[in-house]
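First the structure, in the form of structure tokens, and then the observations on it.
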2 protein chains.
Amino acid sequence: MALDHLRSEVRPGAYYDSAVLMQLQRNLLGLPGVLDAGVVMATPANCELLEQSGLLAGTPTAGPNDLLLVVRAGSAAAAEAALGQVDALLARRRTSVAPEFRPRSLETALRQLPEAAWVLVSVPGRYAAGVAREALDHDRHVFLYSNNVSLADEVALKQTALARGLLVMGPDCGTAIVNGVGLGFANRVRRGPVGLVGASGTGLQAVTSRLHALGSGVSHALGTGGRDLKAEVDAITARQSLDLLARDPDTKVIVIVSKPPAPTVATRLLAAAQAAGKPVVVDFLGYPPPGRQIGNLHFAVSLADAAERAAQLAVGLPAAEVAPAAAPPPLAAPYLRALFSGGTLANETLLGLQAVLTPLFSNLASSQEQQLADPLQSQAHTLLDLGEDVFTVGRLHPMIDNELRLRRLKQEAADPTVGLILLDVVLGEGAHPDPAAELGPAIAAAQAARPELEVVALVVGTDADPQGLEAQKQRLAEAGAFVVETTTAAVSRVAQRLGRAPASVNAVLSAPPVALDRLARAPLAAVNVGLESFAASLAGQGAQVVQLDWRPPAGGNEKMMALLAKMKKGAP
Amino acid sequence: MALDHLRSEVRPGAYYDSAVLMQLQRNLLGLPGVLDAGVVMATPANCELLEQSGLLAGTPTAGPNDLLLVVRAGSAAAAEAALGQVDALLARRRTSVAPEFRPRSLETALRQLPEAAWVLVSVPGRYAAGVAREALDHDRHVFLYSNNVSLADEVALKQTALARGLLVMGPDCGTAIVNGVGLGFANRVRRGPVGLVGASGTGLQAVTSRLHALGSGVSHALGTGGRDLKAEVDAITARQSLDLLARDPDTKVIVIVSKPPAPTVATRLLAAAQAAGKPVVVDFLGYPPPGRQIGNLHFAVSLADAAERAAQLAVGLPAAEVAPAAAPPPLAAPYLRALFSGGTLANETLLGLQAVLTPLFSNLASSQEQQLADPLQSQAHTLLDLGEDVFTVGRLHPMIDNELRLRRLKQEAADPTVGLILLDVVLGEGAHPDPAAELGPAIAAAQAARPELEVVALVVGTDADPQGLEAQKQRLAEAGAFVVETTTAAVSRVAQRLGRAPASVNAVLSAPPVALDRLARAPLAAVNVGLESFAASLAGQGAQVVQLDWRPPAGGNEKMMALLAKMKKGAP
């Protein structure tokens, strides 16, 4: 390498499509005597990468908005000759795509293709929000592939879109399938009964591919971008997409895939999903699933698992799930008080409840925000483990001695904001010989005083236990308790009676719904701004597409851009 | 209540069994004129509870080691009369259990029942470690029900037990089933093929009950106490228990249930579980499962799910799993380098890998300790998402442009500590038209230079994709890659080739194994120290038991206790 010759050139503020740069680099590599070449925007990371490849000598004088061209060759002459070819190579490429027939503004493009409901944006991040805003102003949905868009821009764009019944998929949205046409990166899959919402690109790709392999298919796969489930964005696109799929008659099962979501956003999105009126398979990466199923929510543990569950549900829907006919109405008094004697049962129930209730407090909480300030005083939804050390010093365990629970049950039942009390009843060796004999009368007394109060008893035991499982269940039921045998069943019941799931997904939007007809019925048509390969892909799938001959405003000069934006705003 | 009369009495430093206190309180409530009564150790929490029940006027002068007796009655005379009965009530109870025939020391008890392999300890926390240590010194396993034992005592006890081939279940171990006999709280379940390890009491109860309901049964259910999977304790009891169940011929399937474990401990325990030679169903509450299955590890999402998986596995074991005949040997070079283009695929793979590899670093890590310091420089096991912003400024996405990955692949392959390179290959619209044509030769070149290097390709796509799924898979396989289609399969392969699972579970103990015969073959016999109900329960199950007539050393006087302990230590 010491004998090699490095030559470089900086083009300040030059803009080229990334695909053009990749092509240029390849063409340079093909020139005589050239050993290696680099063509990159001179960000620190790219410069470090060049250095690792032996393509950078010393610190470059270029900045992140400058184009840096480097050639390593066997002789200084070959290196210089190669750099001398750059303009010719760029020009050669240009001529092959006939830019003279291409519109230079979005407005013109949309006049050429008025039926375009979509604008695809893949220009560099600092220009992307401007293009997306222009598309929204023209009443078009946006597929925003670009990354490096600020969170503030994302929030502003999505709030505008929400108010106008438009979708902004992205930024950093890699994948979508709308009406059978893949946008960005998308696998070719059979059309079918499964609709997807993905706050993750390859997540959608993996699930749709697997659905296809399993013989199932996809109605629509709607991307949201990776930050949609952050607290700041509040899942605007995910909620709109969920609403669309809930209303879409071709979608029988919904899948939601996301990178780790913000916990509060996850809870709100799951509440909306409960109103979908269809099975919803949920795969939140890194989010501990609260059981396999709660009501119509099915929790998957991997992308492959999500696809398999959805395919199964789409084929054979259990009738009970489609029409939960006997579902009782929600309770008037809003809050849950759960009084556990078993720590693990309490822990598992807490994991389940946090998916459907908020705000939820517990003396077992792992997060600060769920921490119950005073274990002797409940607040909002509260789950207590009465077997925790603070309650058991010098006392028998609550599985043997019911006194503490009986007193607390009385106290909670007297609180008019409490709608449902959940108790576990753990049978077996060592436990109280007849817990129902003590808990039953207390439950009956509480319900005599407040008939609207529901008490759910989670009974753990076997038919061989000394207390007798059936006898205990019967006695608790006769006292007025709703008896379940798994924490999942307990959580489902709580969600049904206290969960504040909206009447429909649309009800959570507080905004006009995205029109289903325009999105899902008409053949897909789009204007593409940025990567030409996306336009080629759309055309190849039979969709109508116009490619914009986009250039950075003001030649990429930031000051001029700001001035232009100001002038435009001032215009009538 | 203003007309009621409260009277209270403090008995400083008095020790009574909690069951005795519960009985005393009930007896007081039955006396004439008594409206309510409280009999508790005067901890702040218990005093606050008394106050809530209207049983405390003003601040008591009692401390946490004092017994506080309170009576509320219709008249002052009735209240005083009730308190006057306390000694008689305590004496009445005493006479019913014939303490004169009971041994007063553990040594005497063990002479009475030398076949006792177990000592059950349920005395108050501050005395419990001393009793447990005495049991270990007599070469006995310990079931330590007591809570409020310090973490330091737990670690010391377990390290002693480990060195001597003994088990300490607990502290705060509520549940175990050994050889068909329930210790502490335990449901009566059929004997059967499923062995359990539980760092959670009601977790074990719920799973064993459900196994029974499903028609399956339990070989042994070994409790560890809730802190065993904390970093300080390092899962000593869980690892010993896993080893026992792995060696036990009656156990066909193992279930591990735990409250949220420390991540590093979880990884080590899972590595040991991989060596069990049997299917192991894992339910770590709040730990995101890395897929449904990795090798012999099956991840459940709830207690009920764990029971169902175990019951299924016990009935119909897939032959491939029992004897992984064709499993290749682990690779000599220890480290993984995973180079992803898909963020979600990378994320899901990271979740899976962290269950089987350590130390693992990534530019996607959510925890500080996994954070890769420099994305351009791998360390130990490293997983990279090359689609992250830092790599893509002014560059095409790595799904379109392979250059960055090709360079990095070459760099990683040249590192002699790298044994396996994992790449994703995402097909479909918008992606590179023929990734295998570029990645294949690079893989072949890397393996030509280092034949021992394994390359795993995770291919996502469909048979309808423009690149052709089968053609891409074939080309990658011909280049020398091991091709998989799900992240779970990728993680399983990595675990097989790089996971440092020990040859056997026992190998991780670095200590003599717990003798299986003494624990699992001989009929259970035990000395019970503390709650008499546990002794009654054992006797009721046909086990031999001796109840110790235990009293706090030195009458509960802390100074005297310390002095006694010192003298004992000094004795030969």
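So you can find residues: chains in the structure tokens are A, B, ... in the order shown, residues in each start at 1, and ligands are numbered from 1 in order.
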**OP:** Pick out each residue of stretch 89-324 of chain A that DSSP on the backbone tags as strand (DSSP E); I need them as a VMD selection string.
**Re:** chain A and resid 118 to 121 141 to 144 168 to 169 175 to 178 181 to 184 191 to 199 218 to 223 253 to 258 280 to 284 293 to 294 297 to 299
Could you save the residues just selected, with N, CA and C atoms, as a CSV table (one decimal), in the first residue's frame?
```csv
chain,number,residue,atom,x,y,z
A,118,TRP,N,-50.4,8.9,-3.5
A,118,TRP,CA,-49.2,8.8,-2.7
A,118,TRP,C,-48.0,9.6,-3.2
A,119,VAL,N,-47.2,10.1,-2.3
A,119,VAL,CA,-45.9,10.7,-2.7
A,119,VAL,C,-44.9,9.9,-1.9
A,120,LEU,N,-43.9,9.3,-2.7
A,120,LEU,CA,-42.8,8.6,-2.0
A,120,LEU,C,-41.6,9.5,-1.9
A,121,VAL,N,-41.1,9.6,-0.7
A,121,VAL,CA,-40.0,10.6,-0.5
A,121,VAL,C,-38.8,9.9,0.0
A,141,HIS,N,-51.1,11.2,0.6
A,141,HIS,CA,-50.4,10.4,1.6
A,141,HIS,C,-48.9,10.4,1.3
A,142,VAL,N,-48.2,10.2,2.4
A,142,VAL,CA,-46.7,10.2,2.2
A,142,VAL,C,-46.1,8.9,2.7
A,143,PHE,N,-45.2,8.4,1.8
A,143,PHE,CA,-44.4,7.2,2.2
A,143,PHE,C,-43.0,7.8,2.3
A,144,LEU,N,-42.5,8.0,3.6
A,144,LEU,CA,-41.3,8.8,3.9
A,144,LEU,C,-40.2,7.8,4.2
A,168,VAL,N,-48.9,9.5,7.1
A,168,VAL,CA,-47.5,9.7,6.9
A,168,VAL,C,-46.8,8.4,7.4
A,169,MET,N,-46.3,7.6,6.5
A,169,MET,CA,-45.6,6.4,6.9
A,169,MET,C,-44.1,6.8,6.9
A,175,THR,N,-40.7,0.0,4.5
A,175,THR,CA,-41.5,-1.0,3.9
A,175,THR,C,-43.0,-0.7,4.0
A,176,ALA,N,-43.8,-1.0,2.9
A,176,ALA,CA,-45.2,-1.0,3.0
A,176,ALA,C,-45.8,-1.8,1.8
A,177,ILE,N,-46.9,-2.4,2.0
A,177,ILE,CA,-47.6,-3.0,0.9
A,177,ILE,C,-49.0,-2.4,0.9
A,178,VAL,N,-49.4,-1.6,-0.1
A,178,VAL,CA,-50.7,-1.0,-0.1
A,178,VAL,C,-51.4,-1.5,-1.4
A,181,VAL,N,-49.4,-3.5,-3.9
A,181,VAL,CA,-48.2,-2.9,-4.4
A,181,VAL,C,-47.2,-2.6,-3.3
A,182,GLY,N,-46.0,-3.1,-3.4
A,182,GLY,CA,-44.9,-2.9,-2.4
A,182,GLY,C,-44.3,-1.5,-2.6
A,183,LEU,N,-44.2,-0.7,-1.5
A,183,LEU,CA,-43.5,0.6,-1.5
A,183,LEU,C,-42.2,0.4,-0.8
A,184,GLY,N,-41.2,1.0,-1.4
A,184,GLY,CA,-39.8,0.8,-0.7
A,184,GLY,C,-39.4,-0.6,-0.8
A,191,ARG,N,-52.0,-11.9,-2.0
A,191,ARG,CA,-53.0,-11.1,-1.3
A,191,ARG,C,-53.8,-12.0,-0.4
A,192,GLY,N,-54.3,-11.5,0.7
A,192,GLY,CA,-54.9,-12.4,1.6
A,192,GLY,C,-55.5,-11.7,2.8
A,193,PRO,N,-55.9,-12.5,3.8
A,193,PRO,CA,-56.7,-11.9,4.9
A,193,PRO,C,-56.0,-11.2,6.1
A,194,VAL,N,-54.7,-11.1,6.0
A,194,VAL,CA,-53.9,-10.5,7.1
A,194,VAL,C,-53.5,-9.1,6.8
A,195,GLY,N,-53.9,-8.2,7.7
A,195,GLY,CA,-53.4,-6.8,7.6
A,195,GLY,C,-52.4,-6.5,8.6
A,196,LEU,N,-51.4,-5.7,8.3
A,196,LEU,CA,-50.3,-5.5,9.2
A,196,LEU,C,-50.0,-4.0,9.4
A,197,VAL,N,-49.6,-3.7,10.7
A,197,VAL,CA,-49.1,-2.4,11.0
A,197,VAL,C,-47.7,-2.6,11.5
A,198,GLY,N,-46.7,-2.0,11.0
A,198,GLY,CA,-45.4,-2.2,11.4
A,198,GLY,C,-44.6,-1.0,11.7
A,199,ALA,N,-44.1,-0.9,13.0
A,199,ALA,CA,-43.2,0.2,13.3
A,199,ALA,C,-41.8,-0.4,13.2
A,218,VAL,N,-51.6,-11.2,2.4
A,218,VAL,CA,-51.6,-9.9,3.0
A,218,VAL,C,-52.7,-9.0,2.4
A,219,SER,N,-53.5,-8.3,3.2
A,219,SER,CA,-54.4,-7.3,2.6
A,219,SER,C,-53.6,-6.0,2.4
A,220,HIS,N,-53.1,-5.4,3.5
A,220,HIS,CA,-52.2,-4.3,3.4
A,220,HIS,C,-51.2,-4.4,4.5
A,221,ALA,N,-50.0,-3.9,4.3
A,221,ALA,CA,-49.0,-3.9,5.3
A,221,ALA,C,-48.6,-2.4,5.4
A,222,LEU,N,-49.0,-1.8,6.5
A,222,LEU,CA,-48.8,-0.3,6.6
A,222,LEU,C,-47.6,0.0,7.6
A,223,GLY,N,-46.6,0.7,7.1
A,223,GLY,CA,-45.4,1.0,7.9
A,223,GLY,C,-45.6,2.3,8.6
A,253,VAL,N,-57.6,-10.6,10.1
A,253,VAL,CA,-56.8,-10.6,11.2
A,253,VAL,C,-55.7,-9.5,11.1
A,254,ILE,N,-55.4,-8.8,12.2
A,254,ILE,CA,-54.5,-7.7,12.2
A,254,ILE,C,-53.2,-8.2,12.9
A,255,VAL,N,-52.1,-7.8,12.4
A,255,VAL,CA,-50.8,-8.0,13.1
A,255,VAL,C,-50.1,-6.7,13.4
A,256,ILE,N,-49.7,-6.4,14.6
A,256,ILE,CA,-48.9,-5.2,14.9
A,256,ILE,C,-47.5,-5.7,15.3
A,257,VAL,N,-46.5,-5.2,14.6
A,257,VAL,CA,-45.1,-5.5,14.9
A,257,VAL,C,-44.4,-4.2,15.2
A,258,SER,N,-43.6,-4.2,16.3
A,258,SER,CA,-43.0,-2.9,16.6
A,258,SER,C,-41.6,-3.2,17.3
A,280,VAL,N,-56.2,-9.5,16.9
A,280,VAL,CA,-55.0,-8.7,16.7
A,280,VAL,C,-53.8,-9.4,17.3
A,281,VAL,N,-52.8,-9.8,16.4
A,281,VAL,CA,-51.6,-10.5,16.9
A,281,VAL,C,-50.6,-9.4,17.2
A,282,VAL,N,-50.0,-9.4,18.4
A,282,VAL,CA,-49.1,-8.3,18.8
A,282,VAL,C,-47.7,-8.9,19.0
A,283,ASP,N,-46.7,-8.3,18.3
A,283,ASP,CA,-45.3,-8.7,18.5
A,283,ASP,C,-44.5,-7.4,18.8
A,284,PHE,N,-44.4,-7.0,20.1
A,284,PHE,CA,-43.6,-5.9,20.4
A,284,PHE,C,-42.2,-6.4,20.9
A,293,GLN,N,-52.8,-14.8,25.2
A,293,GLN,CA,-54.0,-14.2,24.7
A,293,GLN,C,-54.8,-13.4,25.8
A,294,ILE,N,-55.2,-12.2,25.5
A,294,ILE,CA,-56.1,-11.5,26.4
A,294,ILE,C,-57.2,-11.0,25.5
A,297,LEU,N,-56.7,-10.0,21.8
A,297,LEU,CA,-55.2,-9.7,21.6
A,297,LEU,C,-54.4,-11.0,21.8
A,298,HIS,N,-53.6,-11.3,20.8
A,298,HIS,CA,-52.8,-12.5,20.8
A,298,HIS,C,-51.4,-12.1,20.8
A,299,PHE,N,-50.6,-12.5,21.8
A,299,PHE,CA,-49.2,-12.0,21.9
A,299,PHE,C,-48.3,-13.0,21.4
```
Skip A:Ser209 itself and residues of its chain fewer than 4 positions away, then list as a short mmCIF file (atom, residue, chain, number, x, y, z; two decimals) with N, CA and C atoms, in the first residue's frame all residues within 8 Å of it, counting only C-alpha atoms.
```cif
data_model
loop_
_atom_site.label_atom_id
_atom_site.label_comp_id
_atom_site.auth_asym_id
_atom_site.auth_seq_id
_atom_site.Cartn_x
_atom_site.Cartn_y
_atom_site.Cartn_z
N ASN A 187 -41.54 -7.54 0.07
CA ASN A 187 -41.55 -8.84 -0.58
C ASN A 187 -42.83 -9.03 -1.35
N ARG A 188 -42.74 -9.79 -2.42
CA ARG A 188 -43.93 -10.07 -3.22
C ARG A 188 -44.70 -11.21 -2.57
N VAL A 189 -45.86 -10.86 -2.10
CA VAL A 189 -46.65 -11.86 -1.37
C VAL A 189 -48.07 -11.90 -1.92
N GLN A 205 -41.35 -7.21 6.69
CA GLN A 205 -40.90 -8.09 5.61
C GLN A 205 -40.86 -9.55 6.06
N ALA A 213 -45.27 -17.91 2.82
CA ALA A 213 -44.74 -19.28 2.85
C ALA A 213 -45.74 -20.24 3.48
N VAL B 460 -34.47 -13.64 4.08
CA VAL B 460 -35.88 -13.30 4.20
C VAL B 460 -36.42 -13.00 2.82
N GLY B 461 -37.42 -13.71 2.38
CA GLY B 461 -37.99 -13.47 1.06
C GLY B 461 -39.03 -14.50 0.71
N THR B 462 -39.59 -14.37 -0.48
CA THR B 462 -40.63 -15.32 -0.91
C THR B 462 -40.28 -15.88 -2.29
#
```
**OP:** From stretch 286-421 of chain B, collect each residue whose DSSP state is helix (DSSP H, G or I) and return the set as an MDAnalysis selection string.
**Re:** chainID B and resid 303:315 319:322 343:353 368:370 389:392 403:413
Find the residues of chain A that sit at most 7 Å from chain B; for each, write down the nearest two atoms and how far apart they are in Å, to one decimal. Count only C-alpha atoms. Sort by chain, then by number going up, and give it as a tab-separated table.
```
residue	atom	partner	partner_atom	distance
A:Ser18	CA	B:Arg395	CA	5.2
A:Ala19	CA	B:Leu396	CA	6.4
A:Val40	CA	B:Gly394	CA	6.4
A:Met41	CA	B:Gly394	CA	5.2
A:Ala45	CA	B:Val390	CA	6.4
A:Asn148	CA	B:Asp389	CA	6.7
A:Gly182	CA	B:Glu429	CA	6.7
A:Gly184	CA	B:Gly430	CA	5.4
A:Phe185	CA	B:Gly430	CA	4.6
A:Ala186	CA	B:Glu429	CA	5.0
A:Asn187	CA	B:Gly428	CA	4.1
A:Arg188	CA	B:Asp465	CA	5.1
A:Val189	CA	B:Ala464	CA	6.7
A:Ser200	CA	B:Thr344	CA	5.9
A:Gly201	CA	B:Thr344	CA	6.7
A:Thr202	CA	B:Gly342	CA	5.4
A:Gly203	CA	B:Thr344	CA	5.3
A:Ala206	CA	B:Val460	CA	6.0
A:Ser209	CA	B:Thr462	CA	5.5
A:His212	CA	B:Thr462	CA	7.0
A:Ala213	CA	B:Thr462	CA	6.8
A:Lys259	CA	B:Thr344	CA	6.6
A:Leu285	CA	B:Glu348	CA	6.6
A:Gly286	CA	B:Pro288	CA	5.1
A:Tyr287	CA	B:Pro288	CA	5.8
A:Pro288	CA	B:Pro288	CA	4.4
A:Pro289	CA	B:Val301	CA	6.2
A:Pro290	CA	B:Val301	CA	7.0
A:Gly291	CA	B:Ser302	CA	5.0
A:Arg292	CA	B:Val301	CA	6.5
A:Val301	CA	B:Gly291	CA	5.2
A:Ser302	CA	B:Gly291	CA	5.0
A:Ala304	CA	B:Thr486	CA	6.8
A:Gly342	CA	B:Thr202	CA	5.4
A:Gly343	CA	B:Thr202	CA	6.6
A:Thr344	CA	B:Gly203	CA	5.3
A:Leu345	CA	B:Thr202	CA	6.1
A:Glu348	CA	B:Leu285	CA	6.6
A:Asp389	CA	B:Asn148	CA	6.7
A:Val390	CA	B:Ala45	CA	6.4
A:Phe391	CA	B:Ala45	CA	6.9
A:Gly394	CA	B:Met41	CA	5.2
A:Arg395	CA	B:Ser18	CA	5.3
A:Leu396	CA	B:Ser18	CA	5.4
A:Leu427	CA	B:Asn187	CA	6.7
A:Gly428	CA	B:Asn187	CA	4.1
A:Glu429	CA	B:Ala186	CA	4.9
A:Gly430	CA	B:Phe185	CA	4.6
A:Ala431	CA	B:Phe185	CA	5.9
A:Val460	CA	B:Ala206	CA	6.0
A:Gly461	CA	B:Ser209	CA	5.5
A:Thr462	CA	B:Ser209	CA	5.5
A:Ala464	CA	B:Arg188	CA	5.5
A:Asp465	CA	B:Arg188	CA	5.1
A:Thr486	CA	B:Ala304	CA	6.8
A:Ser533	CA	B:Gly430	CA	6.5
A:Phe534	CA	B:Gly430	CA	5.9
A:Ser537	CA	B:Glu429	CA	6.1
```
**OP:** Show which residues sit within 12 Å of B:Ala57, as a ChimeraX atom specification. Count only C-alpha atoms, and ignore same-chain residues fewer than 5 positions away.
**Re:** /B:1-2,4-8,47-48,50-52,70-72
Subject >> Residue neighbourhood B:Leu364, 8 Å, only C-alpha atoms, exclusion window fewer than 5 positions, as JSON, numbers by chain >> reply: {"B": [347, 371, 384, 385]}
Expected file: the selected residues, C-alpha atoms, as an mmCIF file, in the first residue's frame:
```
data_model
loop_
_atom_site.group_PDB
_atom_site.id
_atom_site.type_symbol
_atom_site.label_atom_id
_atom_site.label_comp_id
_atom_site.auth_asym_id
_atom_site.auth_seq_id
_atom_site.Cartn_x
_atom_site.Cartn_y
_atom_site.Cartn_z
ATOM 1 C CA ASN B 347 -33.180 -6.421 17.157
ATOM 2 C CA GLN B 371 -23.446 -0.761 24.228
ATOM 3 C CA LEU B 384 -24.267 -4.557 14.162
ATOM 4 C CA ASP B 385 -27.221 -2.938 12.451
#
```
For stretch 31-37 of chain A: contacts at 7 Å, only C-alpha atoms, fewer than 4 positions along chain excluded, given as a JSON list (two decimals) with N, CA and C atoms, in the first residue's frame:
```json
[["chain", "number", "residue", "atom", "x", "y", "z"],
["A", 25, "GLN", "N", -18.85, 5.30, -7.95],
["A", 25, "GLN", "CA", -17.77, 4.56, -7.31],
["A", 25, "GLN", "C", -17.43, 3.29, -8.09],
["A", 27, "ASN", "N", -17.96, 2.78, -11.26],
["A", 27, "ASN", "CA", -17.33, 3.14, -12.54],
["A", 27, "ASN", "C", -15.86, 3.51, -12.34],
["A", 70, "VAL", "N", -12.30, 9.77, -3.52],
["A", 70, "VAL", "CA", -10.94, 9.29, -3.28],
["A", 70, "VAL", "C", -10.64, 8.13, -4.22],
["A", 71, "VAL", "N", -9.45, 8.14, -4.77],
["A", 71, "VAL", "CA", -9.03, 7.04, -5.63],
["A", 71, "VAL", "C", -7.65, 6.57, -5.19],
["A", 72, "ARG", "N", -7.49, 5.25, -5.10],
["A", 72, "ARG", "CA", -6.17, 4.69, -4.86],
["A", 72, "ARG", "C", -5.77, 3.94, -6.13],
["A", 73, "ALA", "N", -4.59, 4.26, -6.64],
["A", 73, "ALA", "CA", -4.18, 3.65, -7.91],
["A", 73, "ALA", "C", -2.72, 3.24, -7.84],
["A", 74, "GLY", "N", -2.29, 2.47, -8.85],
["A", 74, "GLY", "CA", -0.90, 2.00, -8.89],
["A", 74, "GLY", "C", 0.09, 3.10, -9.22],
["A", 78, "ALA", "N", -2.45, 7.43, -12.94],
["A", 78, "ALA", "CA", -3.72, 6.69, -13.04],
["A", 78, "ALA", "C", -4.75, 7.28, -12.09],
["A", 79, "ALA", "N", -4.31, 7.61, -10.87],
["A", 79, "ALA", "CA", -5.24, 8.19, -9.89],
["A", 79, "ALA", "C", -5.78, 9.52, -10.38],
["A", 82, "ALA", "N", -8.22, 9.06, -13.26],
["A", 82, "ALA", "CA", -9.53, 8.58, -12.81],
["A", 82, "ALA", "C", -10.37, 9.74, -12.30]]
```
Residues within 9 Å of A:Val155, please, as a short mmCIF file (atom, residue, chain, number, x, y, z; two decimals) with N, CA and C atoms, in the first residue's frame. Count only C-alpha atoms; anything in the same chain fewer than 5 positions from it doesn't count.
```cif
data_model
loop_
_atom_site.label_atom_id
_atom_site.label_comp_id
_atom_site.auth_asym_id
_atom_site.auth_seq_id
_atom_site.Cartn_x
_atom_site.Cartn_y
_atom_site.Cartn_z
N SER A 150 -35.76 15.06 11.76
CA SER A 150 -35.85 15.31 13.21
C SER A 150 -37.18 14.82 13.77
N THR A 160 -50.29 17.16 11.37
CA THR A 160 -50.97 17.74 10.21
C THR A 160 -51.73 16.66 9.45
N ASP A 228 -42.55 5.85 15.63
CA ASP A 228 -43.97 6.16 15.79
C ASP A 228 -44.48 5.81 17.19
N GLU A 232 -43.33 10.81 22.21
CA GLU A 232 -43.53 12.10 21.56
C GLU A 232 -44.49 11.98 20.36
N VAL A 233 -44.39 10.90 19.63
CA VAL A 233 -45.20 10.75 18.42
C VAL A 233 -46.56 10.12 18.75
N ASP A 234 -46.59 9.36 19.84
CA ASP A 234 -47.84 8.82 20.36
C ASP A 234 -48.56 7.91 19.35
N ILE A 236 -49.29 7.96 16.27
CA ILE A 236 -50.32 8.54 15.39
C ILE A 236 -50.54 7.65 14.17
#
```
**OP:** Identify, on the basis of only C-alpha atoms, every residue whose closest approach to B:Gly165 does not exceed 8 Å; exclude the query and any residue fewer than 6 positions from it along the same chain; express the result as a list in words.
**Re:** Ala511, Pro512, Pro513, Val514 and Ala515 of chain B
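Minimum atom-to-atom distance to A:Glu438, evaluated using only C-alpha atoms, belongs to A:Arg405 out of A:Arg450, A:Arg26, A:Arg268, A:Arg405.
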